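This is upload-v7.cif (mmCIF, N, CA and C atoms).
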```cif
data_work
loop_
_atom_site.label_atom_id
_atom_site.label_comp_id
_atom_site.auth_asym_id
_atom_site.auth_seq_id
_atom_site.Cartn_x
_atom_site.Cartn_y
_atom_site.Cartn_z
N MET A 147 94.04 235.26 171.64
CA MET A 147 93.63 235.52 173.00
C MET A 147 94.60 236.52 173.63
N ILE A 148 94.06 237.48 174.36
CA ILE A 148 94.88 238.46 175.06
C ILE A 148 94.76 238.19 176.55
N LYS A 149 95.90 238.19 177.23
CA LYS A 149 95.90 237.98 178.68
C LYS A 149 96.99 238.80 179.34
N GLU A 150 96.75 239.11 180.61
CA GLU A 150 97.78 239.82 181.36
C GLU A 150 98.91 238.85 181.67
N LEU A 151 100.12 239.34 181.54
CA LEU A 151 101.30 238.54 181.84
C LEU A 151 101.65 238.71 183.31
N SER A 152 101.97 237.61 183.95
CA SER A 152 102.40 237.68 185.35
C SER A 152 103.78 237.04 185.47
N ILE A 153 104.39 237.26 186.59
CA ILE A 153 105.71 236.69 186.86
C ILE A 153 105.66 235.16 186.85
N ASP A 154 104.48 234.60 187.03
CA ASP A 154 104.33 233.14 187.01
C ASP A 154 104.38 232.55 185.61
N ASP A 155 104.36 233.39 184.60
CA ASP A 155 104.37 232.91 183.22
C ASP A 155 105.77 232.70 182.67
N VAL A 156 106.70 232.33 183.53
CA VAL A 156 108.10 232.22 183.16
C VAL A 156 108.32 231.24 182.00
N LYS A 157 107.61 230.16 181.97
CA LYS A 157 107.79 229.17 180.88
C LYS A 157 107.39 229.76 179.52
N LEU A 158 106.31 230.54 179.51
CA LEU A 158 105.91 231.20 178.27
C LEU A 158 106.98 232.17 177.80
N ILE A 159 107.52 232.94 178.73
CA ILE A 159 108.52 233.95 178.40
C ILE A 159 109.79 233.29 177.87
N GLU A 160 110.25 232.26 178.56
CA GLU A 160 111.48 231.57 178.14
C GLU A 160 111.32 230.98 176.74
N LYS A 161 110.12 230.53 176.43
CA LYS A 161 109.86 229.88 175.15
C LYS A 161 110.03 230.83 173.97
N VAL A 162 109.77 232.12 174.18
CA VAL A 162 109.75 233.04 173.04
C VAL A 162 110.71 234.21 173.16
N GLU A 163 111.46 234.31 174.25
CA GLU A 163 112.23 235.53 174.45
C GLU A 163 113.22 235.81 173.32
N ASN A 164 113.74 234.79 172.67
CA ASN A 164 114.67 235.02 171.56
C ASN A 164 113.97 235.53 170.30
N ASN A 165 112.65 235.36 170.24
CA ASN A 165 111.89 235.85 169.10
C ASN A 165 111.60 237.35 169.17
N PHE A 166 111.76 237.93 170.34
CA PHE A 166 111.51 239.36 170.56
C PHE A 166 112.84 240.01 170.93
N PRO A 167 113.68 240.27 169.95
CA PRO A 167 115.03 240.74 170.27
C PRO A 167 115.10 242.15 170.85
N THR A 168 114.06 242.94 170.66
CA THR A 168 114.16 244.34 171.06
C THR A 168 114.08 244.52 172.57
N PHE A 169 113.04 244.01 173.21
CA PHE A 169 112.81 244.32 174.62
C PHE A 169 112.51 243.11 175.49
N PHE A 170 111.83 242.15 174.94
CA PHE A 170 111.15 241.13 175.71
C PHE A 170 112.12 240.01 176.10
N SER A 171 112.56 240.01 177.34
CA SER A 171 113.41 238.92 177.83
C SER A 171 113.02 238.60 179.27
N LYS A 172 113.32 237.39 179.66
CA LYS A 172 112.99 236.96 181.02
C LYS A 172 113.63 237.89 182.05
N ASN A 173 114.89 238.21 181.87
CA ASN A 173 115.58 239.06 182.85
C ASN A 173 114.98 240.45 182.94
N SER A 174 114.66 241.06 181.80
CA SER A 174 114.10 242.41 181.85
C SER A 174 112.70 242.40 182.46
N ILE A 175 111.92 241.39 182.17
CA ILE A 175 110.57 241.32 182.72
C ILE A 175 110.61 241.07 184.23
N PHE A 176 111.44 240.14 184.67
CA PHE A 176 111.55 239.90 186.12
C PHE A 176 112.04 241.14 186.85
N SER A 177 112.98 241.82 186.25
CA SER A 177 113.49 243.06 186.85
C SER A 177 112.36 244.09 186.95
N ASP A 178 111.60 244.23 185.88
CA ASP A 178 110.47 245.15 185.89
C ASP A 178 109.46 244.82 186.99
N PHE A 179 109.07 243.55 187.06
CA PHE A 179 108.09 243.14 188.06
C PHE A 179 108.58 243.39 189.48
N LYS A 180 109.85 243.16 189.72
CA LYS A 180 110.40 243.30 191.07
C LYS A 180 110.68 244.74 191.46
N GLN A 181 111.04 245.58 190.49
CA GLN A 181 111.50 246.93 190.81
C GLN A 181 110.47 248.02 190.53
N ASN A 182 109.42 247.71 189.81
CA ASN A 182 108.49 248.76 189.42
C ASN A 182 107.05 248.28 189.58
N ALA A 183 106.41 248.73 190.61
CA ALA A 183 105.03 248.31 190.90
C ALA A 183 104.04 248.82 189.85
N PHE A 184 104.45 249.78 189.02
CA PHE A 184 103.55 250.36 188.04
C PHE A 184 103.58 249.64 186.70
N THR A 185 104.57 248.76 186.50
CA THR A 185 104.71 248.11 185.20
C THR A 185 103.65 247.03 185.02
N LYS A 186 103.15 246.95 183.79
CA LYS A 186 102.14 245.96 183.42
C LYS A 186 102.50 245.41 182.04
N TYR A 187 102.16 244.17 181.83
CA TYR A 187 102.33 243.53 180.53
C TYR A 187 101.05 242.80 180.19
N PHE A 188 100.70 242.80 178.94
CA PHE A 188 99.75 241.80 178.47
C PHE A 188 100.23 241.30 177.12
N ILE A 189 99.78 240.10 176.79
CA ILE A 189 100.30 239.40 175.63
C ILE A 189 99.16 238.92 174.74
N TYR A 190 99.47 238.79 173.46
CA TYR A 190 98.55 238.17 172.51
C TYR A 190 99.10 236.78 172.24
N MET A 191 98.24 235.78 172.43
CA MET A 191 98.68 234.40 172.28
C MET A 191 97.87 233.68 171.21
N GLU A 192 98.55 232.75 170.54
CA GLU A 192 97.91 231.82 169.63
C GLU A 192 98.52 230.45 169.89
N LYS A 193 97.68 229.48 170.19
CA LYS A 193 98.15 228.11 170.43
C LYS A 193 99.28 228.07 171.45
N SER A 194 99.10 228.72 172.55
CA SER A 194 100.05 228.78 173.68
C SER A 194 101.40 229.41 173.32
N ASN A 195 101.44 230.19 172.24
CA ASN A 195 102.64 230.92 171.86
C ASN A 195 102.38 232.42 171.96
N ILE A 196 103.32 233.13 172.53
CA ILE A 196 103.22 234.58 172.58
C ILE A 196 103.65 235.13 171.23
N ILE A 197 102.77 235.92 170.60
CA ILE A 197 103.14 236.51 169.32
C ILE A 197 103.10 238.04 169.36
N GLY A 198 102.59 238.59 170.45
CA GLY A 198 102.57 240.04 170.61
C GLY A 198 102.61 240.40 172.08
N VAL A 199 103.18 241.56 172.38
CA VAL A 199 103.31 241.98 173.78
C VAL A 199 103.18 243.50 173.87
N VAL A 200 102.58 243.94 174.97
CA VAL A 200 102.52 245.36 175.32
C VAL A 200 103.09 245.51 176.71
N ASN A 201 103.98 246.47 176.87
CA ASN A 201 104.47 246.86 178.19
C ASN A 201 104.05 248.31 178.40
N TYR A 202 103.39 248.56 179.53
CA TYR A 202 102.97 249.92 179.84
C TYR A 202 103.06 250.15 181.33
N TYR A 203 102.98 251.41 181.70
CA TYR A 203 103.00 251.78 183.11
C TYR A 203 101.65 252.37 183.48
N ASP A 204 101.06 251.83 184.52
CA ASP A 204 99.78 252.30 185.04
C ASP A 204 100.09 253.33 186.11
N LEU A 205 100.07 254.59 185.72
CA LEU A 205 100.51 255.69 186.57
C LEU A 205 99.31 256.50 187.07
N TYR A 206 98.49 255.85 187.88
CA TYR A 206 97.33 256.48 188.51
C TYR A 206 96.32 256.94 187.48
N GLU A 207 96.42 258.20 187.05
CA GLU A 207 95.41 258.77 186.16
C GLU A 207 95.77 258.61 184.68
N ARG A 208 96.90 257.96 184.38
CA ARG A 208 97.30 257.82 182.99
C ARG A 208 98.09 256.53 182.78
N PHE A 209 98.16 256.12 181.51
CA PHE A 209 99.01 255.01 181.10
C PHE A 209 100.13 255.58 180.25
N GLU A 210 101.31 254.99 180.37
CA GLU A 210 102.43 255.33 179.51
C GLU A 210 102.91 254.04 178.85
N ILE A 211 102.79 253.98 177.52
CA ILE A 211 103.21 252.79 176.79
C ILE A 211 104.72 252.80 176.65
N SER A 212 105.34 251.72 177.08
CA SER A 212 106.78 251.56 176.90
C SER A 212 107.05 250.97 175.51
N TYR A 213 106.33 249.90 175.18
CA TYR A 213 106.45 249.33 173.84
C TYR A 213 105.31 248.40 173.51
N ILE A 214 105.08 248.27 172.22
CA ILE A 214 104.19 247.27 171.64
C ILE A 214 105.04 246.55 170.61
N GLU A 215 105.06 245.24 170.70
CA GLU A 215 105.87 244.49 169.73
C GLU A 215 105.10 243.24 169.29
N VAL A 216 105.13 242.97 168.00
CA VAL A 216 104.51 241.79 167.41
C VAL A 216 105.59 241.07 166.62
N LEU A 217 105.62 239.74 166.75
CA LEU A 217 106.60 238.98 165.97
C LEU A 217 106.49 239.33 164.49
N GLU A 218 107.61 239.44 163.84
CA GLU A 218 107.65 239.92 162.46
C GLU A 218 106.74 239.12 161.53
N VAL A 219 106.70 237.81 161.67
CA VAL A 219 105.88 237.00 160.76
C VAL A 219 104.38 237.22 160.97
N TYR A 220 103.99 237.84 162.08
CA TYR A 220 102.58 238.10 162.37
C TYR A 220 102.19 239.56 162.15
N ARG A 221 103.11 240.38 161.68
CA ARG A 221 102.80 241.79 161.46
C ARG A 221 101.85 241.95 160.27
N ASN A 222 101.13 243.05 160.27
CA ASN A 222 100.12 243.35 159.24
C ASN A 222 98.94 242.39 159.28
N LYS A 223 98.66 241.86 160.46
CA LYS A 223 97.51 240.98 160.66
C LYS A 223 96.59 241.54 161.75
N LYS A 224 96.72 242.83 162.03
CA LYS A 224 95.85 243.56 162.98
C LYS A 224 96.10 243.20 164.44
N ILE A 225 97.17 242.50 164.74
CA ILE A 225 97.46 242.14 166.13
C ILE A 225 97.86 243.37 166.93
N GLY A 226 98.66 244.25 166.35
CA GLY A 226 99.00 245.50 167.03
C GLY A 226 97.75 246.31 167.34
N SER A 227 96.82 246.34 166.40
CA SER A 227 95.55 247.04 166.62
C SER A 227 94.76 246.41 167.77
N LEU A 228 94.70 245.10 167.78
CA LEU A 228 93.97 244.41 168.86
C LEU A 228 94.60 244.71 170.23
N LEU A 229 95.92 244.71 170.28
CA LEU A 229 96.60 245.00 171.54
C LEU A 229 96.34 246.45 171.98
N LEU A 230 96.39 247.38 171.04
CA LEU A 230 96.14 248.77 171.37
C LEU A 230 94.68 248.99 171.79
N GLU A 231 93.76 248.36 171.09
CA GLU A 231 92.34 248.44 171.47
C GLU A 231 92.11 247.90 172.88
N TYR A 232 92.77 246.82 173.20
CA TYR A 232 92.64 246.22 174.53
C TYR A 232 93.15 247.19 175.60
N LEU A 233 94.29 247.82 175.35
CA LEU A 233 94.83 248.78 176.30
C LEU A 233 93.89 249.97 176.47
N ILE A 234 93.33 250.45 175.38
CA ILE A 234 92.39 251.57 175.45
C ILE A 234 91.15 251.17 176.25
N LYS A 235 90.68 249.94 176.07
CA LYS A 235 89.52 249.47 176.84
C LYS A 235 89.85 249.44 178.34
N ILE A 236 91.04 248.94 178.68
CA ILE A 236 91.44 248.93 180.10
C ILE A 236 91.47 250.37 180.63
N GLY A 237 92.00 251.28 179.84
CA GLY A 237 92.04 252.68 180.25
C GLY A 237 90.66 253.27 180.43
N ASN A 238 89.76 252.95 179.51
CA ASN A 238 88.37 253.43 179.65
C ASN A 238 87.73 252.88 180.92
N ASP A 239 87.94 251.59 181.17
CA ASP A 239 87.37 250.97 182.38
C ASP A 239 87.89 251.62 183.65
N LYS A 240 89.17 252.02 183.64
CA LYS A 240 89.77 252.66 184.80
C LYS A 240 89.53 254.17 184.85
N LYS A 241 88.94 254.69 183.77
CA LYS A 241 88.65 256.13 183.67
C LYS A 241 89.91 256.99 183.78
N ILE A 242 90.96 256.55 183.09
CA ILE A 242 92.20 257.33 183.10
C ILE A 242 92.03 258.58 182.23
N ASP A 243 92.93 259.54 182.39
CA ASP A 243 92.88 260.80 181.64
C ASP A 243 93.48 260.68 180.25
N ASN A 244 94.61 259.95 180.13
CA ASN A 244 95.28 259.87 178.84
C ASN A 244 96.25 258.69 178.79
N ILE A 245 96.69 258.43 177.56
CA ILE A 245 97.73 257.44 177.30
C ILE A 245 98.82 258.16 176.51
N THR A 246 100.08 257.97 176.90
CA THR A 246 101.19 258.60 176.19
C THR A 246 102.19 257.54 175.74
N LEU A 247 103.02 257.94 174.78
CA LEU A 247 104.08 257.07 174.28
C LEU A 247 105.08 257.91 173.52
N GLU A 248 106.27 257.37 173.32
CA GLU A 248 107.25 257.94 172.42
C GLU A 248 107.43 256.99 171.25
N VAL A 249 107.59 257.56 170.06
CA VAL A 249 107.81 256.75 168.87
C VAL A 249 108.83 257.46 167.99
N ASN A 250 109.75 256.69 167.42
CA ASN A 250 110.72 257.25 166.49
C ASN A 250 109.96 257.91 165.34
N LYS A 251 110.29 259.15 165.04
CA LYS A 251 109.52 259.86 164.02
C LYS A 251 109.67 259.26 162.63
N LYS A 252 110.63 258.36 162.45
CA LYS A 252 110.78 257.66 161.17
C LYS A 252 109.96 256.36 161.12
N ASN A 253 109.35 255.98 162.21
CA ASN A 253 108.57 254.75 162.26
C ASN A 253 107.14 255.04 161.79
N VAL A 254 107.00 255.20 160.48
CA VAL A 254 105.73 255.64 159.92
C VAL A 254 104.60 254.64 160.14
N TYR A 255 104.91 253.35 160.16
CA TYR A 255 103.87 252.35 160.37
C TYR A 255 103.28 252.45 161.77
N ALA A 256 104.14 252.60 162.77
CA ALA A 256 103.66 252.74 164.14
C ALA A 256 102.88 254.05 164.29
N ILE A 257 103.38 255.12 163.71
CA ILE A 257 102.69 256.41 163.82
C ILE A 257 101.29 256.33 163.21
N LYS A 258 101.17 255.68 162.06
CA LYS A 258 99.85 255.51 161.43
C LYS A 258 98.91 254.71 162.34
N LEU A 259 99.43 253.68 162.98
CA LEU A 259 98.62 252.89 163.91
C LEU A 259 98.14 253.78 165.05
N TYR A 260 99.03 254.52 165.66
CA TYR A 260 98.64 255.37 166.79
C TYR A 260 97.67 256.45 166.36
N GLU A 261 97.89 257.05 165.20
CA GLU A 261 96.96 258.08 164.73
C GLU A 261 95.58 257.50 164.47
N LYS A 262 95.53 256.27 164.00
CA LYS A 262 94.24 255.59 163.78
C LYS A 262 93.43 255.54 165.07
N TYR A 263 94.11 255.49 166.20
CA TYR A 263 93.44 255.42 167.51
C TYR A 263 93.49 256.76 168.25
N ASP A 264 93.54 257.84 167.48
CA ASP A 264 93.42 259.21 168.01
C ASP A 264 94.59 259.67 168.88
N PHE A 265 95.76 259.11 168.68
CA PHE A 265 96.95 259.66 169.32
C PHE A 265 97.40 260.86 168.49
N LYS A 266 97.81 261.91 169.18
CA LYS A 266 98.28 263.13 168.52
C LYS A 266 99.71 263.43 168.98
N VAL A 267 100.51 263.97 168.08
CA VAL A 267 101.86 264.42 168.43
C VAL A 267 101.71 265.67 169.30
N VAL A 268 102.31 265.63 170.50
CA VAL A 268 102.22 266.79 171.40
C VAL A 268 103.60 267.41 171.65
N ALA A 269 104.67 266.71 171.27
CA ALA A 269 106.02 267.26 171.44
C ALA A 269 107.00 266.44 170.62
N ILE A 270 108.15 267.02 170.36
CA ILE A 270 109.25 266.30 169.72
C ILE A 270 110.38 266.19 170.73
N ARG A 271 110.92 265.00 170.87
CA ARG A 271 112.04 264.76 171.77
C ARG A 271 113.29 264.58 170.91
N LYS A 272 114.14 265.58 170.94
CA LYS A 272 115.34 265.59 170.11
C LYS A 272 116.31 264.49 170.54
N ASN A 273 116.84 263.78 169.54
CA ASN A 273 117.86 262.74 169.76
C ASN A 273 117.47 261.70 170.79
N TYR A 274 116.21 261.38 170.86
CA TYR A 274 115.70 260.44 171.86
C TYR A 274 116.19 259.02 171.59
N TYR A 275 116.29 258.65 170.33
CA TYR A 275 116.73 257.31 169.93
C TYR A 275 118.08 257.41 169.21
N ASP A 276 119.17 257.49 169.95
CA ASP A 276 120.50 257.52 169.32
C ASP A 276 120.55 258.43 168.10
N ASN A 277 120.42 259.70 168.32
CA ASN A 277 120.46 260.73 167.28
C ASN A 277 119.22 260.77 166.39
N GLU A 278 118.19 260.05 166.74
CA GLU A 278 116.92 260.11 166.02
C GLU A 278 115.89 260.77 166.93
N ASP A 279 115.11 261.67 166.36
CA ASP A 279 114.07 262.33 167.14
C ASP A 279 112.89 261.41 167.37
N ALA A 280 112.16 261.68 168.42
CA ALA A 280 110.95 260.92 168.74
C ALA A 280 109.79 261.88 168.86
N TYR A 281 108.62 261.37 168.55
CA TYR A 281 107.39 262.10 168.84
C TYR A 281 106.87 261.62 170.18
N LEU A 282 106.46 262.57 170.99
CA LEU A 282 105.66 262.24 172.16
C LEU A 282 104.22 262.33 171.69
N MET A 283 103.52 261.22 171.81
CA MET A 283 102.13 261.18 171.35
C MET A 283 101.22 260.95 172.55
N GLU A 284 100.02 261.49 172.44
CA GLU A 284 99.06 261.38 173.54
C GLU A 284 97.67 261.09 172.97
N ARG A 285 96.95 260.25 173.69
CA ARG A 285 95.53 260.02 173.39
C ARG A 285 94.76 260.44 174.62
N LYS A 286 93.95 261.45 174.49
CA LYS A 286 93.10 261.88 175.60
C LYS A 286 91.94 260.90 175.71
N MET A 287 91.59 260.55 176.93
CA MET A 287 90.58 259.52 177.14
C MET A 287 89.21 260.08 177.50
N MET A 288 89.16 261.27 178.02
CA MET A 288 87.88 261.79 178.47
C MET A 288 87.47 263.00 177.67
#
```

If you convert what's in this file into structure tokens, what do you get?
Amino acid sequence: MIKELSIDDVKLIEKVENNFPTFFSKNSIFSDFKQNAFTKYFIYMEKSNIIGVVNYYDLYERFEISYIEVLEVYRNKKIGSLLLEYLIKIGNDKKIDNITLEVNKKNVYAIKLYEKYDFKVVAIRKNYYDNEDAYLMERKMM
């Protein structure tokens, strides 16, 4: 099941925040909700457990993906695809112009996923990830 995450979901977040070491923590989410009106989260749940999360910014005519993360034991089970499809559907419903993201150019699995959904490399960001280059990718919606 996919659902939008709200600040009221604190118990869900606390339950799994240690499982998502990269980005997903109660403090970072609360900070995002309080300081950035454009930030949005939705989660993929199984049996009341969060196993995947998307953080993106709803910036009027476009979305900017901050991250998509799936618990390691659930990877390669199409959950990332389901989350990305859901975000694209939301974008289509809102009639946005495009979706953008940055991805480490060495992250071939993520790049393949994004390319599968018509994201194209539009720029290279030098040393974006601690001396690693990133691709700026875009999916045009209209």

With distances taken over only C-alpha atoms, the candidate from A:Tyr203, A:Tyr263, A:Tyr275, A:Phe209 nearest Tyr187 of chain A is A:Tyr203

Would you please give, as a PyMOL selection string, all residues of chain A that DSSP assigns to helix (DSSP H, G or I) based on the backbone? chain A and resi 156-165+172-181+218-220+225-240+254-262

Could you please take those selected residues and save N, CA and C atoms as a compact mmCIF listing (two decimals), in the coordinates of the input?
```txt
# COMPACT_ATOMS: atom_id res chain seq x y z
N VAL A 156 106.70 232.33 183.53
CA VAL A 156 108.10 232.22 183.16
C VAL A 156 108.32 231.24 182.00
N LYS A 157 107.61 230.16 181.97
CA LYS A 157 107.79 229.17 180.88
C LYS A 157 107.39 229.76 179.52
N LEU A 158 106.31 230.54 179.51
CA LEU A 158 105.91 231.20 178.27
C LEU A 158 106.98 232.17 177.80
N ILE A 159 107.52 232.94 178.73
CA ILE A 159 108.52 233.95 178.40
C ILE A 159 109.79 233.29 177.87
N GLU A 160 110.25 232.26 178.56
CA GLU A 160 111.48 231.57 178.14
C GLU A 160 111.32 230.98 176.74
N LYS A 161 110.12 230.53 176.43
CA LYS A 161 109.86 229.88 175.15
C LYS A 161 110.03 230.83 173.97
N VAL A 162 109.77 232.12 174.18
CA VAL A 162 109.75 233.04 173.04
C VAL A 162 110.71 234.21 173.16
N GLU A 163 111.46 234.31 174.25
CA GLU A 163 112.23 235.53 174.45
C GLU A 163 113.22 235.81 173.32
N ASN A 164 113.74 234.79 172.67
CA ASN A 164 114.67 235.02 171.56
C ASN A 164 113.97 235.53 170.30
N ASN A 165 112.65 235.36 170.24
CA ASN A 165 111.89 235.85 169.10
C ASN A 165 111.60 237.35 169.17
N LYS A 172 113.32 237.39 179.66
CA LYS A 172 112.99 236.96 181.02
C LYS A 172 113.63 237.89 182.05
N ASN A 173 114.89 238.21 181.87
CA ASN A 173 115.58 239.06 182.85
C ASN A 173 114.98 240.45 182.94
N SER A 174 114.66 241.06 181.80
CA SER A 174 114.10 242.41 181.85
C SER A 174 112.70 242.40 182.46
N ILE A 175 111.92 241.39 182.17
CA ILE A 175 110.57 241.32 182.72
C ILE A 175 110.61 241.07 184.23
N PHE A 176 111.44 240.14 184.67
CA PHE A 176 111.55 239.90 186.12
C PHE A 176 112.04 241.14 186.85
N SER A 177 112.98 241.82 186.25
CA SER A 177 113.49 243.06 186.85
C SER A 177 112.36 244.09 186.95
N ASP A 178 111.60 244.23 185.88
CA ASP A 178 110.47 245.15 185.89
C ASP A 178 109.46 244.82 186.99
N PHE A 179 109.07 243.55 187.06
CA PHE A 179 108.09 243.14 188.06
C PHE A 179 108.58 243.39 189.48
N LYS A 180 109.85 243.16 189.72
CA LYS A 180 110.40 243.30 191.07
C LYS A 180 110.68 244.74 191.46
N GLN A 181 111.04 245.58 190.49
CA GLN A 181 111.50 246.93 190.81
C GLN A 181 110.47 248.02 190.53
N GLU A 218 107.61 239.44 163.84
CA GLU A 218 107.65 239.92 162.46
C GLU A 218 106.74 239.12 161.53
N VAL A 219 106.70 237.81 161.67
CA VAL A 219 105.88 237.00 160.76
C VAL A 219 104.38 237.22 160.97
N TYR A 220 103.99 237.84 162.08
CA TYR A 220 102.58 238.10 162.37
C TYR A 220 102.19 239.56 162.15
N ILE A 225 97.17 242.50 164.74
CA ILE A 225 97.46 242.14 166.13
C ILE A 225 97.86 243.37 166.93
N GLY A 226 98.66 244.25 166.35
CA GLY A 226 99.00 245.50 167.03
C GLY A 226 97.75 246.31 167.34
N SER A 227 96.82 246.34 166.40
CA SER A 227 95.55 247.04 166.62
C SER A 227 94.76 246.41 167.77
N LEU A 228 94.70 245.10 167.78
CA LEU A 228 93.97 244.41 168.86
C LEU A 228 94.60 244.71 170.23
N LEU A 229 95.92 244.71 170.28
CA LEU A 229 96.60 245.00 171.54
C LEU A 229 96.34 246.45 171.98
N LEU A 230 96.39 247.38 171.04
CA LEU A 230 96.14 248.77 171.37
C LEU A 230 94.68 248.99 171.79
N GLU A 231 93.76 248.36 171.09
CA GLU A 231 92.34 248.44 171.47
C GLU A 231 92.11 247.90 172.88
N TYR A 232 92.77 246.82 173.20
CA TYR A 232 92.64 246.22 174.53
C TYR A 232 93.15 247.19 175.60
N LEU A 233 94.29 247.82 175.35
CA LEU A 233 94.83 248.78 176.30
C LEU A 233 93.89 249.97 176.47
N ILE A 234 93.33 250.45 175.38
CA ILE A 234 92.39 251.57 175.45
C ILE A 234 91.15 251.17 176.25
N LYS A 235 90.68 249.94 176.07
CA LYS A 235 89.52 249.47 176.84
C LYS A 235 89.85 249.44 178.34
N ILE A 236 91.04 248.94 178.68
CA ILE A 236 91.44 248.93 180.10
C ILE A 236 91.47 250.37 180.63
N GLY A 237 92.00 251.28 179.84
CA GLY A 237 92.04 252.68 180.25
C GLY A 237 90.66 253.27 180.43
N ASN A 238 89.76 252.95 179.51
CA ASN A 238 88.37 253.43 179.65
C ASN A 238 87.73 252.88 180.92
N ASP A 239 87.94 251.59 181.17
CA ASP A 239 87.37 250.97 182.38
C ASP A 239 87.89 251.62 183.65
N LYS A 240 89.17 252.02 183.64
CA LYS A 240 89.77 252.66 184.80
C LYS A 240 89.53 254.17 184.85
N VAL A 254 107.00 255.20 160.48
CA VAL A 254 105.73 255.64 159.92
C VAL A 254 104.60 254.64 160.14
N TYR A 255 104.91 253.35 160.16
CA TYR A 255 103.87 252.35 160.37
C TYR A 255 103.28 252.45 161.77
N ALA A 256 104.14 252.60 162.77
CA ALA A 256 103.66 252.74 164.14
C ALA A 256 102.88 254.05 164.29
N ILE A 257 103.38 255.12 163.71
CA ILE A 257 102.69 256.41 163.82
C ILE A 257 101.29 256.33 163.21
N LYS A 258 101.17 255.68 162.06
CA LYS A 258 99.85 255.51 161.43
C LYS A 258 98.91 254.71 162.34
N LEU A 259 99.43 253.68 162.98
CA LEU A 259 98.62 252.89 163.91
C LEU A 259 98.14 253.78 165.05
N TYR A 260 99.03 254.52 165.66
CA TYR A 260 98.64 255.37 166.79
C TYR A 260 97.67 256.45 166.36
N GLU A 261 97.89 257.05 165.20
CA GLU A 261 96.96 258.08 164.73
C GLU A 261 95.58 257.50 164.47
N LYS A 262 95.53 256.27 164.00
CA LYS A 262 94.24 255.59 163.78
C LYS A 262 93.43 255.54 165.07
```

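Counting all atoms listed in the file, segment 173-184 of chain A has the following residues at most 7 Å away, ignoring those fewer than 5 positions along the same chain: A:Ile153, A:Tyr202, A:Tyr203, A:Asp204, A:Leu205.
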
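With only C-alpha atoms as the atoms that count, the minimum distance from Glu248 of chain A to the choices A:Asn273, A:Asn222, A:Ser194, A:Thr185 is reached by A:Asn273.
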
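Residues of protein, DNA or RNA having at least one counted atom within 8 Å of (97.8, 246.0, 175.1), given only C-alpha atoms, are Tyr187, Phe188, Ile189, Val199, Val200, Asn201, Ile214, Leu228, Leu229, Leu230, Glu231, Tyr232, Leu233 and Ile234 of chain A.
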
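Considering only C-alpha atoms, the residue among A:Met191, A:Met288, A:Ile196, A:Met283 positioned nearest to Leu247 of chain A is A:Met283.
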
Box in all listed atoms of segment 188-198 of chain A, axis-aligned, with 6 Å more on each side; write out centre and edge lengths in Å to one decimal as AutoDock Vina command-line options.
```
--center_x 100.7 --center_y 235.4 --center_z 174.1 --size_x 18.0 --size_y 26.7 --size_z 21.6
```

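Between atom CA of Tyr206 of chain A and atom C of Asp243 of chain A the interatomic distance comes to 10.0 Å.
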
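Candidate residues A:Leu151, A:Ala256, A:Val249, A:Ile225 were compared for distance to Lys186 of chain A, and the nearest is A:Leu151, using only C-alpha atoms.
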
Atom pair atom C of Asp264 of chain A + atom N of Asn244 of chain A, distance 11.3 Å

* Enumerate, as a list of chain:residue names, the residues matched when the PyMOL selection byres ((chain A and resi 217) around 7) is run on the file above. => A:Asn165, A:Phe166, A:Ile196, A:Ile197, A:Gly198, A:Val199, A:Glu215, A:Val216, A:Glu218, A:Val219, A:Tyr220, A:Arg221

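Between atom CA of Gly237 of chain A and atom CA of Lys251 of chain A there is a distance of 24.9 Å.
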
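Among A:Tyr274, A:Tyr190, A:Phe265, A:Tyr255, the residue with the shortest atom-to-atom distance to Ile211 of chain A, counting only C-alpha atoms, is A:Phe265.
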
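In this comparison, which uses only C-alpha atoms, the residue of A:Leu259, A:Lys272, A:Met287, A:Lys266 approaching Asp239 of chain A most closely is A:Met287.
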
Step one, run DSSP on the backbone; step two, keep only residues of chain A assigned to strand (DSSP E or B); then write them as a PyMOL selection string.
chain A and resi 148-150+185-192+195-205+208-216+244-250+266-275+278-286
